[in-house]
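Read the structure below first, then the notes.
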Amino acid sequence: MKIDQGKGSMKKDISNLGMNLSARRLNRILSILFSEMKDLSDEDRDLPIRWNVIHMYTSSQIAKILALKRGIDPELAGIAAALHDIGVVKTKRHKNHAEAAERYVYEIIESYNSKHRGDLPQITKEEAELIVNAIVQHSQKEIISDNPFVEILKDVDSLDRYLHGVKTEGTHRERCIKVLKELGIEENLINRTKKVSY
Ligand SMILES: [Fe+2]
């Protein structure tokens, strides 16, 4: 590995850093979401908007790592993770946010395809359905799905919350232990976490 510390190296086009990993559509989706979220107020929200912003970015990164490990498309897993709590953002409520997300996910994908994608590829109808299907089911952590995109989103949500210090119990905890083991990490989750404050 060669590290270029020469003059002007900070100005290099960073789009080549990903090399084989395609993340350009995901990055554009994240930009759309961030623009929509950055000026929202916390008033009358179940969760502060800064939590949604942080959780959106970190979940999408974890989704890519786990997808690479599991041999599924990292960008699609990342897009599903980026969008998975849009129901909380749009309705301000945590209750039933997964089911409520469907129309908002389709709206954002439509806005990406028609307005924001520039020369990037479309998100196809099949891809959109796969993403929506994973998102609407992601709250049912106790159900093990045979769809790898549904499963990965549930695992990512549980692990990301844990890594932010959110109290992790029940099926969230079981999923965290399972995923950490999958990554070769033996972690004792008991008594390590408490209520998060952001
Ligand atoms: Fe989440």
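Letters A, B, ... mark the chains of the structure tokens in the order given; residue numbers begin at 1 per chain; ligand numbers begin at 1, in order shown.
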
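Counting only C-alpha atoms, Gly87 of chain A has the following residues at most 9 Å away, ignoring those fewer than 3 positions along the same chain: Leu83, His84, Lys90, Thr91, Lys92, Arg93, His94, Asn96, His97, Ala98, Glu99, Ala100, Ala101, Glu102, Tyr104 and Val105 of chain A.
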
With C-alpha atoms retained, write the just-selected residues as a PDB file, in the first residue's frame.
ATOM      1  CA  LEU A  83     -33.629   4.119   4.412  1.00  0.00           C
ATOM      2  CA  HIS A  84     -34.765   1.682   7.096  1.00  0.00           C
ATOM      3  CA  LYS A  90     -41.435  11.100   8.419  1.00  0.00           C
ATOM      4  CA  THR A  91     -44.066  10.198  11.020  1.00  0.00           C
ATOM      5  CA  LYS A  92     -42.029  11.358  14.087  1.00  0.00           C
ATOM      6  CA  ARG A  93     -43.180   8.163  15.773  1.00  0.00           C
ATOM      7  CA  HIS A  94     -41.374   4.923  16.522  1.00  0.00           C
ATOM      8  CA  ASN A  96     -45.301   0.998  13.471  1.00  0.00           C
ATOM      9  CA  HIS A  97     -42.498   2.896  11.732  1.00  0.00           C
ATOM     10  CA  ALA A  98     -41.416  -0.114   9.652  1.00  0.00           C
ATOM     11  CA  GLU A  99     -44.863  -0.625   8.107  1.00  0.00           C
ATOM     12  CA  ALA A 100     -45.296   3.142   7.658  1.00  0.00           C
ATOM     13  CA  ALA A 101     -42.047   3.374   5.688  1.00  0.00           C
ATOM     14  CA  GLU A 102     -43.240   1.790   2.444  1.00  0.00           C
ATOM     15  CA  TYR A 104     -41.697   7.073   1.811  1.00  0.00           C
ATOM     16  CA  VAL A 105     -39.112   4.579   0.566  1.00  0.00           C
TER      17      VAL A 105
END

I'd like the neighbourhood of Gln122 of chain A as JSON, numbers by chain, where a residue qualifies if any of its atoms comes within 9 Å (using only C-alpha atoms), though same-chain residues fewer than 6 positions away should be ignored.
{"A": [25, 109, 112, 113, 114]}

Kindly compile the residues surrounding ligand 1 within 7 Å, counting only C-alpha atoms and all ligand atoms, and format them as a ChimeraX atom specification.
/A:55,84-85,157

Those residues you just picked out, can you put them in a file as an mmCIF file, in the first residue's frame with C-alpha atoms?
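Output (out30.cif):
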data_model
loop_
_atom_site.group_PDB
_atom_site.id
_atom_site.type_symbol
_atom_site.label_atom_id
_atom_site.label_comp_id
_atom_site.auth_asym_id
_atom_site.auth_seq_id
_atom_site.Cartn_x
_atom_site.Cartn_y
_atom_site.Cartn_z
ATOM 1 C CA HIS A 55 -27.984 5.705 12.779
ATOM 2 C CA HIS A 84 -34.765 1.682 7.096
ATOM 3 C CA ASP A 85 -35.948 4.234 9.688
ATOM 4 C CA ASP A 157 -30.248 -2.503 13.099
#

Residue set, segment 108-168 of chain A restricted to helix (DSSP H, G or I), as JSON, numbers by chain
{"A": [108, 109, 110, 111, 112, 113, 114, 115, 116, 125, 126, 127, 128, 129, 130, 131, 132, 133, 134, 135, 136, 148, 149, 150, 151, 152, 153, 154, 155, 156, 157, 158, 159, 160, 161, 162, 163]}

Separation of atom CA of Pro74 of chain A from atom CA of Ile143 of chain A, in Å and rounded to one decimal:
22.4 Å

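Interatomic distance, atom CA of Ile152 of chain A to atom CA of Gly71 of chain A: 11.3 Å.
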
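Atom pair atom CA of Pro48 of chain A / atom CA of Leu159 of chain A has a distance of 19.5 Å (rounded to one decimal).
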
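Using only C-alpha atoms, the smallest distance between any of A:Ser59, A:Ser145, A:Ser22, A:Ser41 and His164 of chain A comes from A:Ser59.
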
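Proximity to Lys154 of chain A was assessed for A:Gly118, A:Ile62, A:Glu126, A:Leu47 counting only C-alpha atoms; the smallest distance is recorded for A:Ile62.
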
All residues 12 Å or closer to Glu142 of chain A, only C-alpha atoms, same chain fewer than 6 positions away omitted, as a JSON list (two decimals) with C-alpha atoms, in the first residue's frame:
[["chain", "number", "residue", "atom", "x", "y", "z"],
["A", 151, "GLU", "CA", -32.20, -10.85, 7.73],
["A", 154, "LYS", "CA", -32.59, -6.87, 11.21],
["A", 155, "ASP", "CA", -29.03, -7.82, 12.20],
["A", 158, "SER", "CA", -29.59, -4.51, 16.27],
["A", 169, "GLU", "CA", -31.96, -7.00, 25.34],
["A", 170, "GLY", "CA", -34.07, -9.88, 24.02],
["A", 171, "THR", "CA", -33.96, -10.56, 20.30],
["A", 172, "HIS", "CA", -31.76, -7.49, 19.68],
["A", 173, "ARG", "CA", -29.20, -9.02, 22.02],
["A", 174, "GLU", "CA", -29.47, -12.47, 20.44],
["A", 175, "ARG", "CA", -28.91, -10.98, 17.01]]

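With only C-alpha atoms as the atoms that count, the minimum distance from Leu30 of chain A to the choices A:Leu180, A:Ile185, A:Ile86, A:Ile72 is reached by A:Ile86.
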